[in-house]
file run_8.cif (mmCIF, C-alpha atoms)
data_start
loop_
_atom_site.label_atom_id
_atom_site.label_comp_id
_atom_site.auth_asym_id
_atom_site.auth_seq_id
_atom_site.Cartn_x
_atom_site.Cartn_y
_atom_site.Cartn_z
CA MET A 774 15.44 -1.13 3.31
CA SER A 775 14.94 -2.00 6.97
CA GLY A 776 11.50 -2.64 8.40
CA THR A 777 11.62 0.63 10.25
CA SER A 778 12.64 2.52 7.14
CA THR A 779 9.91 0.83 5.17
CA ARG A 780 7.27 1.78 7.72
CA ARG A 781 8.52 5.34 7.84
CA ALA A 782 8.43 5.47 4.06
CA LEU A 783 4.84 4.24 4.11
CA VAL A 784 3.78 6.85 6.62
CA LEU A 785 5.56 9.53 4.66
CA CYS A 786 3.67 8.43 1.55
CA VAL A 787 0.45 9.33 3.33
CA LEU A 788 1.78 12.60 4.62
CA LEU A 789 3.30 13.67 1.35
CA ALA A 790 0.07 12.85 -0.41
CA ALA A 791 -1.76 14.84 2.21
CA CYS A 792 0.62 17.77 1.81
CA ALA A 793 0.88 17.74 -1.96
CA SER A 794 -0.44 20.73 -3.85
CA LYS A 795 -2.41 18.34 -6.05
CA PRO A 796 -3.17 15.32 -3.89
CA GLU A 797 -3.36 11.94 -5.51
CA PRO A 798 -6.71 10.18 -5.28
CA ALA A 799 -7.26 10.70 -1.80
CA PRO A 800 -5.93 9.02 1.25
CA GLN A 801 -9.38 9.78 2.68
CA GLU A 802 -10.96 7.47 0.09
CA GLN A 803 -8.55 4.69 0.90
CA GLY A 804 -9.15 5.24 4.59
CA ARG A 805 -12.89 5.00 4.10
CA ALA A 806 -12.64 1.67 2.27
CA ALA A 807 -10.24 0.30 4.87
CA MET A 808 -12.51 1.35 7.72
CA ASP A 809 -15.43 -0.37 5.98
CA THR A 810 -13.35 -3.56 6.08
CA LEU A 811 -12.73 -3.07 9.79
CA ARG A 812 -16.43 -2.45 10.44
CA ALA A 813 -17.21 -5.70 8.61
CA ALA A 814 -14.67 -7.50 10.80
CA VAL A 815 -16.32 -6.04 13.90
CA GLY A 816 -19.66 -7.41 12.71
CA LYS A 817 -18.18 -10.89 12.48
CA VAL A 818 -16.04 -10.89 15.61
CA VAL A 819 -18.22 -8.99 18.10
CA THR A 820 -21.43 -10.95 18.17
CA ASP A 821 -23.17 -8.99 20.93
CA PRO A 822 -25.19 -6.29 19.09
CA ALA A 823 -24.82 -3.58 21.72
CA ARG A 824 -21.06 -3.98 21.98
CA ALA A 825 -20.70 -4.28 18.21
CA LYS A 826 -22.59 -1.01 17.85
CA GLU A 827 -20.26 0.68 20.33
CA VAL A 828 -17.13 -0.61 18.58
CA THR A 829 -18.48 0.45 15.19
CA ALA A 830 -19.21 3.92 16.51
CA ALA A 831 -15.61 4.16 17.78
CA VAL A 832 -14.32 3.07 14.37
CA ASP A 833 -16.48 5.81 12.82
CA ASP A 834 -14.85 8.32 15.16
CA MET A 835 -11.37 7.09 14.24
CA GLN A 836 -12.19 7.44 10.57
CA ALA A 837 -13.37 11.00 11.14
CA ILE A 838 -10.21 11.84 13.09
CA PHE A 839 -7.94 10.44 10.37
CA GLY A 840 -9.82 12.54 7.81
CA GLU A 841 -9.49 15.63 9.96
CA ALA A 842 -5.79 14.94 10.49
CA LEU A 843 -5.14 14.72 6.78
CA ARG A 844 -7.08 17.92 6.06
CA ALA A 845 -5.40 19.74 8.95
CA THR A 846 -1.97 18.65 7.74
CA GLN A 847 -2.77 19.83 4.22
CA ALA A 848 -4.00 23.20 5.44
CA HIS A 849 -1.12 23.67 7.88
CA THR A 850 1.49 22.74 5.29
CA ALA A 851 0.02 25.17 2.77
CA ARG A 852 -0.01 27.93 5.41
CA LEU A 853 3.56 27.25 6.56
CA ARG A 854 4.80 26.82 2.99
CA ALA A 855 3.45 30.26 2.09
CA LEU A 856 5.01 31.81 5.19
CA ASP A 857 8.34 30.08 4.59
CA ALA A 858 8.52 31.33 1.02
CA ASP A 859 7.75 34.86 2.18
CA TYR A 860 11.02 36.70 2.87
CA ASP A 861 9.15 39.17 5.09
CA ALA A 862 7.30 36.63 7.23
CA THR A 863 8.07 37.07 10.91
CA GLN A 864 9.17 34.41 13.36
CA ALA A 865 6.07 35.19 15.41
CA ASP A 866 3.84 34.44 12.40
CA MET A 867 5.52 31.12 11.82
CA ARG A 868 5.56 30.19 15.49
CA GLU A 869 1.83 30.92 15.64
CA ALA A 870 1.21 28.60 12.68
CA LEU A 871 3.16 25.80 14.37
CA GLN A 872 1.43 26.35 17.69
CA ASP A 873 -2.01 26.26 16.05
CA TYR A 874 -1.11 22.98 14.40
CA ASN A 875 0.34 21.54 17.61
CA VAL A 876 -2.85 22.33 19.53
CA GLY A 877 -4.94 20.54 16.91
CA ARG A 878 -2.50 17.63 16.90
CA ALA A 879 -2.80 17.16 20.66
CA GLN A 880 -6.59 17.27 20.45
CA ARG A 881 -6.66 14.71 17.65
CA GLN A 882 -4.28 12.41 19.54
CA ALA A 883 -6.52 12.60 22.62
CA ARG A 884 -9.66 11.86 20.59
CA LEU A 885 -7.98 8.99 18.77
CA LEU A 886 -6.90 7.42 22.03
CA ALA A 887 -10.38 7.92 23.49
CA ALA A 888 -11.87 6.05 20.52
CA ARG A 889 -9.30 3.32 21.05
CA ASP A 890 -10.31 3.14 24.72
CA ARG A 891 -13.92 2.65 23.69
CA ILE A 892 -12.96 -0.29 21.46
CA ALA A 893 -10.85 -1.83 24.23
CA ALA A 894 -13.65 -1.42 26.77
CA ALA A 895 -16.31 -2.86 24.46
CA THR A 896 -14.40 -6.00 23.46
CA THR A 897 -13.26 -9.11 25.20
CA GLU A 898 -9.59 -10.06 25.16
CA GLU A 899 -10.30 -12.69 22.51
CA GLU A 900 -12.21 -10.23 20.34
CA TRP A 901 -9.46 -7.65 20.79
CA GLN A 902 -6.86 -10.12 19.54
CA GLN A 903 -9.04 -11.12 16.59
CA LEU A 904 -9.61 -7.50 15.66
CA ALA A 905 -5.93 -6.64 16.08
CA LYS A 906 -5.18 -8.32 12.80
CA ALA A 907 -7.96 -6.40 11.06
CA ARG A 908 -6.89 -3.12 12.67
CA ARG A 909 -3.33 -3.58 11.48
CA ALA A 910 -4.50 -4.52 7.99
CA VAL A 911 -6.59 -1.37 7.90
CA LEU A 912 -3.70 0.82 8.95
CA GLU A 913 -1.40 -0.80 6.43
CA SER A 914 -4.03 -0.30 3.77
CA ILE A 915 -4.29 3.37 4.66
CA VAL A 916 -0.55 3.83 4.29
CA ARG A 917 0.10 1.49 1.40
CA PRO A 918 2.81 2.63 -1.01
CA ARG A 919 1.79 4.65 -4.03
CA MET B 299 5.65 0.17 15.45
CA LEU B 300 3.27 1.04 12.64
CA ILE B 301 0.40 1.96 14.94
CA GLY B 302 2.61 4.19 17.03
CA LEU B 303 3.90 5.94 13.96
CA LEU B 304 0.38 6.47 12.71
CA ILE B 305 -0.82 7.87 16.01
CA LEU B 306 2.05 10.34 15.87
CA ALA B 307 2.14 10.98 12.16
CA LEU B 308 -1.51 11.04 11.16
CA THR B 309 -2.33 13.17 14.16
CA GLY B 310 0.72 15.40 13.92
CA GLY B 311 4.37 14.48 13.85
CA SER B 312 7.18 15.68 11.62
CA ALA B 313 4.65 16.63 8.97
CA GLY B 314 4.22 19.82 10.99
CA THR B 315 7.60 21.08 9.81
CA LEU B 316 7.59 19.60 6.32
CA ALA B 317 7.22 23.02 4.71
CA LEU B 318 10.36 24.24 6.46
CA THR B 319 12.55 21.43 5.20
CA GLU B 320 11.08 20.10 1.95
CA TRP B 321 13.05 22.57 -0.19
CA LEU B 322 16.44 22.18 1.52
CA ASP B 323 17.99 19.82 -1.04
CA GLY B 324 17.05 22.18 -3.85
CA GLY B 325 18.21 25.12 -1.77
CA ALA B 326 21.62 23.51 -1.24
CA GLN B 327 21.89 22.82 -4.94
CA TYR B 328 21.06 26.44 -5.66
CA ALA B 329 23.69 27.66 -3.18
CA LYS B 330 26.39 25.46 -4.70
CA GLN B 331 25.64 26.68 -8.21
CA GLU B 332 24.62 30.29 -7.77
CA ILE B 333 26.29 31.81 -4.71
CA ALA B 334 29.65 33.02 -5.96
CA ASP B 335 31.12 34.24 -2.66
CA PRO B 336 32.83 31.14 -1.22
CA VAL B 337 32.51 32.26 2.39
CA LEU B 338 28.83 33.01 2.05
CA ARG B 339 28.25 29.78 0.14
CA ARG B 340 29.99 27.81 2.89
CA ASP B 341 27.95 29.52 5.60
CA VAL B 342 24.65 29.02 3.77
CA LEU B 343 25.39 25.34 3.17
CA ALA B 344 26.36 24.91 6.82
CA THR B 345 23.04 26.36 7.96
CA ILE B 346 21.15 24.12 5.55
CA GLU B 347 23.03 21.12 6.91
CA ARG B 348 22.11 22.08 10.45
CA MET B 349 18.46 22.26 9.40
CA LYS B 350 18.74 18.81 7.84
CA ASP B 351 20.29 17.55 11.08
CA ARG B 352 17.32 18.87 13.07
CA ARG B 353 14.96 17.18 10.60
CA LYS B 354 16.84 13.92 11.17
CA ASP B 355 16.64 14.46 14.94
CA LEU B 356 12.89 14.95 14.60
CA HIS B 357 12.52 11.68 12.70
CA GLU B 358 14.67 9.74 15.15
CA MET B 359 12.78 11.13 18.12
CA GLU B 360 9.52 10.21 16.41
CA GLU B 361 10.70 6.65 15.81
CA LYS B 362 11.60 6.32 19.47
CA ALA B 363 8.25 7.65 20.66
CA ALA B 364 6.42 5.42 18.17
CA LYS B 365 8.04 2.33 19.67
CA SER B 366 6.77 3.23 23.13
CA ILE B 367 3.30 4.02 21.86
CA ASP B 368 3.05 0.91 19.72
CA LYS B 369 3.91 -1.28 22.69
CA LEU B 370 1.08 0.31 24.66
CA ALA B 371 -1.33 0.22 21.72
CA GLY B 372 -1.01 -3.53 21.36
CA SER B 373 -2.38 -4.21 24.82
CA ARG B 374 -6.11 -4.11 25.44
CA GLN B 375 -5.39 -3.16 29.03
CA SER B 376 -3.77 0.15 28.04
CA ARG B 377 -5.89 3.25 28.39
CA ALA B 378 -5.45 6.76 27.06
CA ALA B 379 -3.88 7.94 30.30
CA ASP B 380 -1.14 5.34 29.90
CA PHE B 381 -0.02 7.03 26.69
CA GLN B 382 0.35 10.47 28.24
CA SER B 383 3.90 10.07 29.45
CA ALA B 384 5.18 9.09 26.00
CA LEU B 385 3.08 11.73 24.27
CA THR B 386 4.06 14.51 26.68
CA GLY B 387 7.74 13.79 26.16
CA TYR B 388 7.22 13.57 22.42
CA ARG B 389 5.41 16.90 22.29
CA ALA B 390 8.08 18.65 24.36
CA GLU B 391 10.85 17.34 22.12
CA THR B 392 8.87 18.19 18.98
CA ASP B 393 8.27 21.74 20.21
CA ALA B 394 11.98 22.21 20.96
CA LEU B 395 13.06 20.90 17.57
CA GLN B 396 10.45 23.02 15.79
CA GLU B 397 11.81 26.07 17.57
CA GLN B 398 15.38 25.18 16.57
CA LEU B 399 14.28 24.74 12.96
CA LEU B 400 12.59 28.13 13.06
CA ASP B 401 15.71 29.78 14.47
CA LEU B 402 17.83 28.19 11.74
CA ARG B 403 15.33 29.18 9.06
CA PHE B 404 15.62 32.83 10.10
CA GLN B 405 19.41 32.53 10.37
CA LEU B 406 19.48 31.20 6.81
CA LYS B 407 17.17 33.94 5.56
CA ALA B 408 19.48 36.56 7.08
CA GLN B 409 22.40 35.11 5.10
CA VAL B 410 20.82 35.61 1.69
CA THR B 411 19.08 38.32 -0.29
CA ARG B 412 15.38 38.42 -1.02
CA GLU B 413 16.10 37.31 -4.58
CA GLN B 414 18.29 34.41 -3.48
CA TRP B 415 15.64 33.29 -1.01
CA ALA B 416 13.00 33.24 -3.73
CA ALA B 417 15.30 31.45 -6.17
CA ALA B 418 16.33 28.82 -3.62
CA HIS B 419 12.68 28.07 -2.88
CA GLY B 420 11.98 28.02 -6.60
CA GLN B 421 14.33 25.06 -6.93
CA PHE B 422 11.79 22.95 -5.05
CA LYS B 423 8.83 23.62 -7.34
#

call {"tool": "encode", "arguments": {"input": "run_8.cif", "output": "structure tokens"}}
result
Amino acid sequence: MSGTSTRRALVLCVLLAACASKPEPAPQEQGRAAMDTLRAAVGKVVTDPARAKEVTAAVDDMQAIFGEALRATQAHTARLRALDADYDATQADMREALQDYNVGRAQRQARLLAARDRIAAATTEEEWQQLAKARRAVLESIVRPR
Amino acid sequence: MLIGLLILALTGGSAGTLALTEWLDGGAQYAKQEIADPVLRRDVLATIERMKDRRKDLHEMEEKAAKSIDKLAGSRQSRAADFQSALTGYRAETDALQEQLLDLRFQLKAQVTREQWAAAHGQFK
């Protein structure tokens, strides 16, 4: 499997778990543990207390957004699955479901990028590079195969 | 590219249409086994294939957008506004592909009976 295919498979693992009727022990739980690891890394790398507090708060926001994204994807998939199975569902009903989801998606993307901006603004270049490894490890932990 | 994929996928992405396409393999299997009319079977399978093609298009478009976003995400100098061009293009393409999938879904529904629709979906469960 190519690297790209592997990464896509990992991301799909998260999404399928999020969309499953009976989710496996929760991506949210794994995300929480991974974010705790990132917060610990922030404590070590960002030595200035005020900036460390700001970065930690941004990590908290990112964790909340990931949780919301997973819940929103679960709810949307259940809604669209029910509509799709319904022979009498209208195209307008299904378009509305997709549009609702798309609006939430755009808002979550904007909030996630805003949190990322806060981390970038509150760190030095050296700290950013040191945290990059931890950030990537967190993301890989969130999407680890199951 | 992992970060880019996550920004797209965990905050939206092809998961938005998963419910429209997750049953297609089972639906195709059902059509091959249970639709006796060869012309109808051919037409139903063709529509399912077109839906699978759109799903593939969605994934490929997402991969492309993820590459752009990941490149930006790696730089501390990048700010949210810098991502807007990639995200705007991604959203426009996603919306168009979602609409095409919806059109094909209703085309497929019109090709089969209520009972066949329910049975084809039942193959997924």

call {"tool": "atom_distance", "arguments": {"input": "run_8.cif", "atom1": "atom CA of A:Ala855", "atom2": "atom CA of B:Ala416"}}
result
11.6 Å

call {"tool": "atom_distance", "arguments": {"input": "run_8.cif", "atom1": "atom CA of B:Asp341", "atom2": "atom CA of A:Leu853"}}
result
24.5 Å

call {"tool": "closest_residue", "arguments": {"input": "run_8.cif", "among": "A:Asp866, A:Glu899, A:Asp821, A:Asp857", "to": "chain B", "atoms": "all atoms listed in the file"}}
result
A:Asp857

call {"tool": "resolve_selection", "arguments": {"input": "run_8.cif", "expression": "the PyMOL selection byres ((chain B and resi 353-356) around 8)", "output": "list in words"}}
result
Ser312, Thr319, Met349, Lys350, Asp351, Arg352, His357, Glu358, Met359, Glu360, Thr392, Leu395 and Leu399 of chain B

call {"tool": "write_last_selection", "arguments": {"input": "run_8.cif", "atoms": "C-alpha atoms", "output": "PDB file, in the frame of the given file"}}
result
ATOM      1  CA  SER B 312       7.180  15.680  11.620  1.00  0.00           C
ATOM      2  CA  THR B 319      12.550  21.430   5.200  1.00  0.00           C
ATOM      3  CA  MET B 349      18.460  22.260   9.400  1.00  0.00           C
ATOM      4  CA  LYS B 350      18.740  18.810   7.840  1.00  0.00           C
ATOM      5  CA  ASP B 351      20.290  17.550  11.080  1.00  0.00           C
ATOM      6  CA  ARG B 352      17.320  18.870  13.070  1.00  0.00           C
ATOM      7  CA  HIS B 357      12.520  11.680  12.700  1.00  0.00           C
ATOM      8  CA  GLU B 358      14.670   9.740  15.150  1.00  0.00           C
ATOM      9  CA  MET B 359      12.780  11.130  18.120  1.00  0.00           C
ATOM     10  CA  GLU B 360       9.520  10.210  16.410  1.00  0.00           C
ATOM     11  CA  THR B 392       8.870  18.190  18.980  1.00  0.00           C
ATOM     12  CA  LEU B 395      13.060  20.900  17.570  1.00  0.00           C
ATOM     13  CA  LEU B 399      14.280  24.740  12.960  1.00  0.00           C
TER      14      LEU B 399
END

call {"tool": "interface_residues", "arguments": {"input": "run_8.cif", "of": "chain A", "to": "chain B", "cutoff": "6 Å", "atoms": "only C-alpha atoms", "output": "MDAnalysis selection string"}}
result
chainID A and resid 842 850 853:854 878 881:882 886 890 893

call {"tool": "atom_distance", "arguments": {"input": "run_8.cif", "atom1": "atom CA of B:Arg348", "atom2": "atom CA of B:Gln405"}}
result
10.8 Å

call {"tool": "residues_around", "arguments": {"input": "run_8.cif", "residues": "stretch 813-819 of chain A", "least_positions_apart": "6", "cutoff": "9 Å", "atoms": "only C-alpha atoms", "output": "PyMOL selection string"}}
result
chain A and resi 825-826+828-829+896-897+900-901+903-904+907

call {"tool": "axis_aligned_box", "arguments": {"input": "run_8.cif", "around": "stretch 408-411 of chain B", "padding_each_side": "3 Å", "output": "JSON"}}
result
{"center_x": 20.7, "center_y": 36.7, "center_z": 3.4, "size_x": 9.3, "size_y": 9.2, "size_z": 13.4}

call {"tool": "closest_residue", "arguments": {"input": "run_8.cif", "among": "B:Ala363, B:Leu343, B:Ala394, B:Leu370", "to": "B:Gly325", "atoms": "all atoms listed in the file"}}
result
B:Leu343

call {"tool": "closest_residue", "arguments": {"input": "run_8.cif", "among": "B:Gln398, B:Pro336, B:Ala364, B:Ala344", "to": "B:Ala384", "atoms": "only C-alpha atoms"}}
result
B:Ala364

call {"tool": "build_atoms", "arguments": {"input": "run_8.cif", "residues": "stretch 864-898 of chain A", "atoms": "N, CA and C atoms", "output": "short mmCIF file (atom, residue, chain, number, x, y, z; two decimals), keeping the file's coordinate frame"}}
result
data_model
loop_
_atom_site.label_atom_id
_atom_site.label_comp_id
_atom_site.auth_asym_id
_atom_site.auth_seq_id
_atom_site.Cartn_x
_atom_site.Cartn_y
_atom_site.Cartn_z
N GLN A 864 9.06 35.64 12.57
CA GLN A 864 9.17 34.41 13.36
C GLN A 864 7.91 34.20 14.19
N ALA A 865 7.31 35.30 14.63
CA ALA A 865 6.07 35.19 15.41
C ALA A 865 4.95 34.59 14.56
N ASP A 866 4.87 35.00 13.29
CA ASP A 866 3.84 34.44 12.40
C ASP A 866 4.02 32.93 12.25
N MET A 867 5.26 32.54 12.06
CA MET A 867 5.52 31.12 11.82
C MET A 867 5.35 30.31 13.10
N ARG A 868 5.75 30.89 14.22
CA ARG A 868 5.56 30.19 15.49
C ARG A 868 4.08 30.00 15.77
N GLU A 869 3.29 31.02 15.44
CA GLU A 869 1.83 30.92 15.64
C GLU A 869 1.24 29.78 14.80
N ALA A 870 1.71 29.67 13.55
CA ALA A 870 1.21 28.60 12.68
C ALA A 870 1.54 27.23 13.28
N LEU A 871 2.76 27.08 13.77
CA LEU A 871 3.16 25.80 14.37
C LEU A 871 2.37 25.51 15.65
N GLN A 872 2.17 26.55 16.44
CA GLN A 872 1.43 26.35 17.69
C GLN A 872 -0.02 25.96 17.41
N ASP A 873 -0.63 26.61 16.43
CA ASP A 873 -2.01 26.26 16.05
C ASP A 873 -2.09 24.78 15.66
N TYR A 874 -1.12 24.37 14.86
CA TYR A 874 -1.11 22.98 14.40
C TYR A 874 -0.88 22.03 15.58
N ASN A 875 0.03 22.41 16.46
CA ASN A 875 0.34 21.54 17.61
C ASN A 875 -0.87 21.36 18.52
N VAL A 876 -1.65 22.43 18.69
CA VAL A 876 -2.85 22.33 19.53
C VAL A 876 -3.83 21.34 18.90
N GLY A 877 -4.04 21.46 17.60
CA GLY A 877 -4.94 20.54 16.91
C GLY A 877 -4.43 19.11 16.97
N ARG A 878 -3.12 18.96 16.84
CA ARG A 878 -2.50 17.63 16.90
C ARG A 878 -2.77 16.98 18.25
N ALA A 879 -2.58 17.72 19.32
CA ALA A 879 -2.80 17.16 20.66
C ALA A 879 -4.26 16.76 20.85
N GLN A 880 -5.16 17.59 20.32
CA GLN A 880 -6.59 17.27 20.45
C GLN A 880 -6.94 16.01 19.66
N ARG A 881 -6.37 15.89 18.47
CA ARG A 881 -6.66 14.71 17.65
C ARG A 881 -6.08 13.45 18.30
N GLN A 882 -4.88 13.57 18.85
CA GLN A 882 -4.28 12.41 19.54
C GLN A 882 -5.17 11.96 20.69
N ALA A 883 -5.67 12.93 21.46
CA ALA A 883 -6.52 12.60 22.62
C ALA A 883 -7.81 11.92 22.16
N ARG A 884 -8.40 12.45 21.09
CA ARG A 884 -9.66 11.86 20.59
C ARG A 884 -9.43 10.47 20.02
N LEU A 885 -8.29 10.30 19.33
CA LEU A 885 -7.98 8.99 18.77
C LEU A 885 -7.79 7.95 19.87
N LEU A 886 -7.12 8.35 20.92
CA LEU A 886 -6.90 7.42 22.03
C LEU A 886 -8.20 7.14 22.77
N ALA A 887 -9.08 8.14 22.85
CA ALA A 887 -10.38 7.92 23.49
C ALA A 887 -11.20 6.90 22.68
N ALA A 888 -11.15 7.02 21.37
CA ALA A 888 -11.87 6.05 20.52
C ALA A 888 -11.27 4.66 20.70
N ARG A 889 -9.96 4.61 20.81
CA ARG A 889 -9.30 3.32 21.05
C ARG A 889 -9.73 2.74 22.40
N ASP A 890 -9.83 3.59 23.41
CA ASP A 890 -10.31 3.14 24.72
C ASP A 890 -11.70 2.52 24.63
N ARG A 891 -12.54 3.16 23.83
CA ARG A 891 -13.92 2.65 23.69
C ARG A 891 -13.92 1.26 23.08
N ILE A 892 -13.05 1.04 22.08
CA ILE A 892 -12.96 -0.29 21.46
C ILE A 892 -12.44 -1.31 22.48
N ALA A 893 -11.41 -0.91 23.23
CA ALA A 893 -10.85 -1.83 24.23
C ALA A 893 -11.89 -2.19 25.28
N ALA A 894 -12.67 -1.19 25.71
CA ALA A 894 -13.65 -1.42 26.77
C ALA A 894 -14.83 -2.26 26.28
N ALA A 895 -15.12 -2.18 24.99
CA ALA A 895 -16.31 -2.86 24.46
C ALA A 895 -16.01 -4.25 23.90
N THR A 896 -14.76 -4.68 23.99
CA THR A 896 -14.40 -6.00 23.46
C THR A 896 -13.83 -6.88 24.56
N THR A 897 -13.95 -8.16 24.32
CA THR A 897 -13.26 -9.11 25.20
C THR A 897 -11.81 -9.23 24.73
N GLU A 898 -10.99 -9.87 25.55
CA GLU A 898 -9.59 -10.06 25.16
C GLU A 898 -9.49 -10.84 23.86
#
